[in-house]
Amino acid sequence: MVLGGQEADGTGCELSGRDAAMDSALESLYGKRGGAGGTSRDRSAGLGASAPSVARWLGDIRTYFPSSVVQVMQRDAIDRLGLATLLLEPEMLEAIEPDVHLVGTLLSLNKAMPETTKETARAVVRKVVEDLEKRLATRTRATLTGALDRSAKINRPRHHDIDWNRTIAANLKNYLPEHRTVVPERLIGYGRAAQSVKKEVILCIDQSGSMAASVVYASVFGAVLASMRSISTRLVVFDTAVVDLTDQLDDPVDVLFGTQLGGGTDINRALAYCQSQITRPADTVVVLISDLYEGGIRNEMLKRVAAMKASGVQFVTLLALSDEGAPAYDREHAAALAGLGAPAFACTPDLFPDVMAAAIEKRPLPIPDKETHQ
């Protein structure tokens with residue numbers, strides 16, 4: 001469908017009614033100043049400088065376009081027209097369609113937000129968080145519960161708990177050619193993860209501005225993991241400083257408002273803190289979520305990762321935890337981590353439970369795309 005009623009469209013048709021209204025909404029965001037004589041640089045704000053006019057426009061696009069398109073247009077309006085500061089207005093927040101990217105923008109504005117807006121902003125963030133929990137929590141708990149059960153191996157399993165692949169592999173020496181069968185002397189089975197069988201998970205999250213969506217998803221997953229009694233979860237965020245938000249994991253909204261997006265990056269300092277919290281290396285999974293642009297001491301960072309892995313820690317490096325795929329990242333650091341046996345790759349939220357399950361079971365990680373890691 002082609003919208004537009006000016007001479008540039010070449011159709012000679014004039015729009016009316018709903019079509020004209022849709023065209024007006026698009027023109028406000030994507031149109032050029034000065035008609036046909038304008039240049040590509042002459043982007044017109046079209047929405048004015050006041051929050052009420054923006055709020056009306058937000059209402060219009062929600063009327064005329066599906067939610068997925070509305071979210072794209074909102075992001076374009078914030079980027080193209082410099083509307084981020086208008087998100088500090090309560091009436092605009094009430095009109096906007098919440099999504100992960102909007103949450104990231106609100107978090108970056110957190111410190112500048114007036115008191116009159118904070119409750120509205122928290123309501124917007126809570127709606128997104130609750131939607132994400134509904135989408136992700138059930139599968140995450142089921143996947144990780146199964147992984148915990150399988151990781152608790154026992155040598156006198158009941159029949160339905162026998163791990164046949166491991167049992168056969170352990171008893172190949174007892175193969176009887178004449179009977180074409182293996183006689184198992186030792187059965188290996190899955191245990192049932194008791195309360196005493198725990199895994200320690202440390203989520204170490206880069207809160208630089210480019211990692212906004214990853215911070216949102218990681219906070220939601222952190223809350224889900226913390227709700228599982230068989231997993232002890234710690235959530236750490238960092239820029240050039242390190243903040244432990246573990247005591248707020250019962251409410252991911254509190255976790256998100258405890259972050260401060262932007263600033264520098266000191267991965268080495270963050271890993272030093274995480275390393276100091278490890279008490280049972282063989283039962284610990286450390287997940288570093290970062291684009292790996294290190295502002296600290298590179299060699300020390302790599303030494304810490306090597307030391308953790310040597311002690312038995314399962315170390316996972318995610319360049320992003322988001323729907324968009326691999327971001328810009330430091331390829332040299334990614335290659336160095338791969339050399340230590342910790343390949344760096346981008347991970348979608350839907351794949352994250354499988355990555356964690358593999359780490360818990362100490363099996364190869366399900367890396368989604370060979371071209372997005374080193």
# chains A, B, ... in the order shown; residues from 1 in each chain; ligands from 1
>>> residues_around(residues="A:Gly258", least_positions_apart="4", cutoff="12 Å", atoms="only C-alpha atoms", output="PyMOL selection string")
chain A and resi 107-108+110-111+207+215-216+219+235-238+242-249+251-254
>>> write_last_selection(atoms="C-alpha atoms", output="tab-separated table (two decimals), in the first residue's frame")
chain	number	residue	atom	x	y	z
A	107	LEU	CA	16.24	3.40	32.68
A	108	SER	CA	18.80	5.65	30.99
A	110	ASN	CA	16.09	7.33	35.54
A	111	LYS	CA	18.28	9.81	37.40
A	207	GLN	CA	25.18	-1.92	32.12
A	215	VAL	CA	19.90	-5.74	31.18
A	216	VAL	CA	16.10	-5.96	30.98
A	219	SER	CA	16.93	-9.04	35.28
A	235	LEU	CA	22.93	-10.77	40.07
A	236	VAL	CA	25.76	-8.27	39.62
A	237	VAL	CA	25.73	-5.20	37.36
A	238	PHE	CA	28.75	-3.14	36.47
A	242	VAL	CA	30.27	-3.01	40.62
A	243	VAL	CA	26.83	-3.24	42.25
A	244	ASP	CA	25.37	-6.44	43.72
A	245	LEU	CA	21.57	-6.40	43.32
A	246	THR	CA	20.96	-9.92	44.62
A	247	ASP	CA	18.86	-8.74	47.56
A	248	GLN	CA	16.37	-7.17	45.12
A	249	LEU	CA	15.85	-10.24	42.94
A	251	ASP	CA	11.24	-7.88	42.20
A	252	PRO	CA	12.95	-7.39	38.81
A	253	VAL	CA	11.49	-3.87	38.59
A	254	ASP	CA	13.53	-2.91	41.65
>>> residues_around(residues="A:Phe352", least_positions_apart="5", cutoff="10 Å", atoms="only C-alpha atoms", output="PyMOL selection string")
chain A and resi 136+140+217-218+221+318+321-322+346-347+357-358+366
>>> residues_around(residues="A:Arg139", least_positions_apart="2", cutoff="12 Å", atoms="only C-alpha atoms", output="list in words")
Leu132, Glu133, Lys134, Arg135, Leu136, Ala137, Arg141, Ala142, Thr143, Leu144, Thr145, Gly146, Phe221, Val224, Leu225, Pro349, Asp350, Leu351, Phe352, Pro353, Asp354 and Ala357 of chain A
>>> write_last_selection(atoms="N, CA, C and O atoms", output="mmCIF file, in the first residue's frame")
data_model
loop_
_atom_site.group_PDB
_atom_site.id
_atom_site.type_symbol
_atom_site.label_atom_id
_atom_site.label_comp_id
_atom_site.auth_asym_id
_atom_site.auth_seq_id
_atom_site.Cartn_x
_atom_site.Cartn_y
_atom_site.Cartn_z
ATOM 1 N N LEU A 132 7.056 -10.274 30.028
ATOM 2 C CA LEU A 132 8.222 -11.121 29.778
ATOM 3 C C LEU A 132 8.216 -12.341 30.686
ATOM 4 O O LEU A 132 8.555 -13.456 30.255
ATOM 5 N N GLU A 133 7.848 -12.156 31.944
ATOM 6 C CA GLU A 133 7.804 -13.296 32.866
ATOM 7 C C GLU A 133 6.782 -14.327 32.406
ATOM 8 O O GLU A 133 7.041 -15.536 32.474
ATOM 9 N N LYS A 134 5.634 -13.864 31.942
ATOM 10 C CA LYS A 134 4.620 -14.800 31.444
ATOM 11 C C LYS A 134 5.159 -15.591 30.251
ATOM 12 O O LYS A 134 4.876 -16.784 30.102
ATOM 13 N N ARG A 135 5.926 -14.925 29.417
ATOM 14 C CA ARG A 135 6.453 -15.566 28.213
ATOM 15 C C ARG A 135 7.577 -16.543 28.529
ATOM 16 O O ARG A 135 7.692 -17.597 27.887
ATOM 17 N N LEU A 136 8.407 -16.233 29.531
ATOM 18 C CA LEU A 136 9.668 -16.953 29.702
ATOM 19 C C LEU A 136 9.740 -17.861 30.928
ATOM 20 O O LEU A 136 10.515 -18.818 30.934
ATOM 21 N N ALA A 137 8.974 -17.569 31.971
ATOM 22 C CA ALA A 137 9.213 -18.219 33.261
ATOM 23 C C ALA A 137 8.944 -19.724 33.242
ATOM 24 O O ALA A 137 9.767 -20.517 33.725
ATOM 25 N N ARG A 141 11.854 -22.571 34.053
ATOM 26 C CA ARG A 141 11.832 -23.439 35.248
ATOM 27 C C ARG A 141 11.816 -24.911 34.845
ATOM 28 O O ARG A 141 12.525 -25.736 35.438
ATOM 29 N N ALA A 142 11.009 -25.262 33.843
ATOM 30 C CA ALA A 142 10.925 -26.663 33.428
ATOM 31 C C ALA A 142 12.253 -27.151 32.855
ATOM 32 O O ALA A 142 12.727 -28.247 33.173
ATOM 33 N N THR A 143 12.876 -26.333 32.007
ATOM 34 C CA THR A 143 14.142 -26.725 31.376
ATOM 35 C C THR A 143 15.243 -26.908 32.406
ATOM 36 O O THR A 143 16.003 -27.889 32.383
ATOM 37 N N LEU A 144 15.342 -25.969 33.352
ATOM 38 C CA LEU A 144 16.422 -26.030 34.331
ATOM 39 C C LEU A 144 16.171 -27.089 35.398
ATOM 40 O O LEU A 144 17.119 -27.683 35.912
ATOM 41 N N THR A 145 14.915 -27.333 35.733
ATOM 42 C CA THR A 145 14.624 -28.425 36.672
ATOM 43 C C THR A 145 15.068 -29.754 36.088
ATOM 44 O O THR A 145 15.673 -30.592 36.773
ATOM 45 N N GLY A 146 14.793 -29.965 34.794
ATOM 46 C CA GLY A 146 15.261 -31.187 34.139
ATOM 47 C C GLY A 146 16.771 -31.282 34.129
ATOM 48 O O GLY A 146 17.344 -32.352 34.360
ATOM 49 N N PHE A 221 15.230 -12.887 33.926
ATOM 50 C CA PHE A 221 15.721 -14.253 34.137
ATOM 51 C C PHE A 221 16.299 -14.421 35.534
ATOM 52 O O PHE A 221 16.150 -15.475 36.146
ATOM 53 N N VAL A 224 13.515 -15.099 37.836
ATOM 54 C CA VAL A 224 12.980 -16.462 37.637
ATOM 55 C C VAL A 224 13.907 -17.496 38.284
ATOM 56 O O VAL A 224 13.457 -18.400 39.001
ATOM 57 N N LEU A 225 15.207 -17.384 38.069
ATOM 58 C CA LEU A 225 16.165 -18.320 38.666
ATOM 59 C C LEU A 225 16.132 -18.237 40.189
ATOM 60 O O LEU A 225 16.220 -19.251 40.880
ATOM 61 N N PRO A 349 16.405 -14.486 24.122
ATOM 62 C CA PRO A 349 15.768 -14.920 25.372
ATOM 63 C C PRO A 349 15.204 -16.329 25.303
ATOM 64 O O PRO A 349 15.241 -17.070 26.282
ATOM 65 N N ASP A 350 14.677 -16.725 24.143
ATOM 66 C CA ASP A 350 14.091 -18.061 24.031
ATOM 67 C C ASP A 350 15.147 -19.164 24.095
ATOM 68 O O ASP A 350 14.848 -20.294 24.482
ATOM 69 N N LEU A 351 16.399 -18.847 23.719
ATOM 70 C CA LEU A 351 17.464 -19.848 23.771
ATOM 71 C C LEU A 351 18.136 -19.908 25.141
ATOM 72 O O LEU A 351 18.758 -20.914 25.488
ATOM 73 N N PHE A 352 17.991 -18.857 25.930
ATOM 74 C CA PHE A 352 18.732 -18.764 27.191
ATOM 75 C C PHE A 352 18.503 -19.974 28.118
ATOM 76 O O PHE A 352 19.476 -20.480 28.705
ATOM 77 N N PRO A 353 17.280 -20.473 28.302
ATOM 78 C CA PRO A 353 17.110 -21.650 29.167
ATOM 79 C C PRO A 353 17.934 -22.850 28.703
ATOM 80 O O PRO A 353 18.489 -23.593 29.529
ATOM 81 N N ASP A 354 18.048 -23.048 27.384
ATOM 82 C CA ASP A 354 18.829 -24.177 26.864
ATOM 83 C C ASP A 354 20.327 -23.976 27.117
ATOM 84 O O ASP A 354 21.046 -24.933 27.400
ATOM 85 N N ALA A 357 20.805 -24.715 30.789
ATOM 86 C CA ALA A 357 20.693 -26.158 31.046
ATOM 87 C C ALA A 357 21.984 -26.872 30.645
ATOM 88 O O ALA A 357 22.473 -27.747 31.370
#
>>> atom_distance(atom1="atom CA of A:Glu119", atom2="atom CA of A:Glu91")
12.1 Å
>>> closest_residue(among="A:Asp131, A:Asp283, A:Glu14, A:Glu300", to="A:Ile267", atoms="only C-alpha atoms")
A:Glu300
>>> residues_around(residues="A:Gln74", least_positions_apart="5", cutoff="10 Å", atoms="only C-alpha atoms", output="PyMOL selection string")
chain A and resi 29+58+61+69+79-80+83+96-99+101-102
>>> atom_distance(atom1="atom CA of A:Thr233", atom2="atom CA of A:Glu200")
6.0 Å
>>> closest_residue(among="A:Thr138, A:Thr317, A:Thr63, A:Thr240", to="A:Gly295", atoms="only C-alpha atoms")
A:Thr240
>>> closest_residue(among="A:Asn268, A:Asn165, A:Gln314, A:Gln260", to="A:Ala342", atoms="only C-alpha atoms")
A:Gln314
>>> decode(residues="stretch 344-360 of chain A", atoms="all heavy atoms", output="compact mmCIF listing (two decimals), in the first residue's frame")
# COMPACT_ATOMS: atom_id res chain seq x y z
N ALA A 344 32.20 -16.69 22.86
CA ALA A 344 31.27 -15.59 23.06
C ALA A 344 30.27 -15.55 21.92
O ALA A 344 30.65 -15.58 20.76
CB ALA A 344 32.05 -14.27 23.15
N PHE A 345 29.00 -15.48 22.25
CA PHE A 345 27.97 -15.46 21.22
C PHE A 345 26.74 -14.73 21.73
O PHE A 345 26.53 -14.59 22.93
CB PHE A 345 27.60 -16.89 20.79
CG PHE A 345 27.10 -17.76 21.91
CD1 PHE A 345 25.74 -17.95 22.13
CD2 PHE A 345 28.00 -18.42 22.76
CE1 PHE A 345 25.28 -18.75 23.16
CE2 PHE A 345 27.55 -19.24 23.79
CZ PHE A 345 26.18 -19.40 23.99
N ALA A 346 25.94 -14.24 20.80
CA ALA A 346 24.68 -13.59 21.15
C ALA A 346 23.62 -14.66 21.38
O ALA A 346 23.63 -15.72 20.75
CB ALA A 346 24.25 -12.63 20.05
N CYS A 347 22.71 -14.35 22.29
CA CYS A 347 21.70 -15.33 22.69
C CYS A 347 20.34 -14.66 22.75
O CYS A 347 20.20 -13.58 23.35
CB CYS A 347 22.08 -15.92 24.05
SG CYS A 347 20.89 -17.08 24.74
N THR A 348 19.33 -15.27 22.13
CA THR A 348 17.98 -14.75 22.27
C THR A 348 17.39 -15.21 23.60
O THR A 348 17.81 -16.23 24.16
CB THR A 348 17.08 -15.25 21.13
OG1 THR A 348 16.95 -16.69 21.23
CG2 THR A 348 17.65 -14.88 19.77
N PRO A 349 16.40 -14.49 24.12
CA PRO A 349 15.77 -14.92 25.37
C PRO A 349 15.20 -16.33 25.30
O PRO A 349 15.24 -17.07 26.28
CB PRO A 349 14.67 -13.87 25.57
CG PRO A 349 15.18 -12.66 24.87
CD PRO A 349 15.91 -13.17 23.67
N ASP A 350 14.68 -16.73 24.14
CA ASP A 350 14.09 -18.06 24.03
C ASP A 350 15.15 -19.16 24.10
O ASP A 350 14.85 -20.29 24.48
CB ASP A 350 13.30 -18.18 22.72
CG ASP A 350 12.04 -17.33 22.73
OD1 ASP A 350 11.46 -17.14 23.82
OD2 ASP A 350 11.64 -16.84 21.67
N LEU A 351 16.40 -18.85 23.72
CA LEU A 351 17.46 -19.85 23.77
C LEU A 351 18.14 -19.91 25.14
O LEU A 351 18.76 -20.91 25.49
CB LEU A 351 18.51 -19.54 22.70
CG LEU A 351 19.69 -20.51 22.58
CD1 LEU A 351 19.23 -21.90 22.15
CD2 LEU A 351 20.73 -19.98 21.60
N PHE A 352 17.99 -18.86 25.93
CA PHE A 352 18.73 -18.76 27.19
C PHE A 352 18.50 -19.97 28.12
O PHE A 352 19.48 -20.48 28.70
CB PHE A 352 18.37 -17.47 27.91
CG PHE A 352 19.16 -17.23 29.17
CD1 PHE A 352 20.50 -16.85 29.12
CD2 PHE A 352 18.58 -17.40 30.42
CE1 PHE A 352 21.23 -16.63 30.27
CE2 PHE A 352 19.30 -17.19 31.58
CZ PHE A 352 20.62 -16.80 31.51
N PRO A 353 17.28 -20.47 28.30
CA PRO A 353 17.11 -21.65 29.17
C PRO A 353 17.93 -22.85 28.70
O PRO A 353 18.49 -23.59 29.53
CB PRO A 353 15.60 -21.94 29.09
CG PRO A 353 14.99 -20.62 28.76
CD PRO A 353 15.98 -19.95 27.85
N ASP A 354 18.05 -23.05 27.38
CA ASP A 354 18.83 -24.18 26.86
C ASP A 354 20.33 -23.98 27.12
O ASP A 354 21.05 -24.93 27.40
CB ASP A 354 18.58 -24.35 25.36
CG ASP A 354 17.13 -24.68 25.05
OD1 ASP A 354 16.53 -25.47 25.81
OD2 ASP A 354 16.58 -24.14 24.09
N VAL A 355 20.78 -22.73 27.00
CA VAL A 355 22.19 -22.43 27.30
C VAL A 355 22.48 -22.72 28.77
O VAL A 355 23.49 -23.36 29.11
CB VAL A 355 22.51 -20.96 26.97
CG1 VAL A 355 23.89 -20.57 27.50
CG2 VAL A 355 22.45 -20.72 25.46
N MET A 356 21.59 -22.29 29.66
CA MET A 356 21.79 -22.52 31.08
C MET A 356 21.72 -24.01 31.42
O MET A 356 22.49 -24.50 32.25
CB MET A 356 20.75 -21.75 31.89
CG MET A 356 20.94 -20.25 31.88
SD MET A 356 22.56 -19.73 32.51
CE MET A 356 22.51 -20.40 34.17
N ALA A 357 20.81 -24.71 30.79
CA ALA A 357 20.69 -26.16 31.05
C ALA A 357 21.98 -26.87 30.64
O ALA A 357 22.47 -27.75 31.37
CB ALA A 357 19.50 -26.73 30.28
N ALA A 358 22.55 -26.50 29.49
CA ALA A 358 23.79 -27.12 29.04
C ALA A 358 24.92 -26.82 30.01
O ALA A 358 25.75 -27.69 30.33
CB ALA A 358 24.15 -26.63 27.64
N ALA A 359 24.99 -25.58 30.51
CA ALA A 359 26.04 -25.21 31.46
C ALA A 359 25.89 -25.99 32.76
O ALA A 359 26.88 -26.46 33.34
CB ALA A 359 26.00 -23.71 31.72
N ILE A 360 24.67 -26.14 33.23
CA ILE A 360 24.43 -26.89 34.48
C ILE A 360 24.85 -28.34 34.32
O ILE A 360 25.43 -28.94 35.23
CB ILE A 360 22.94 -26.78 34.87
CG1 ILE A 360 22.66 -25.37 35.43
CG2 ILE A 360 22.56 -27.85 35.90
CD1 ILE A 360 21.20 -25.09 35.68
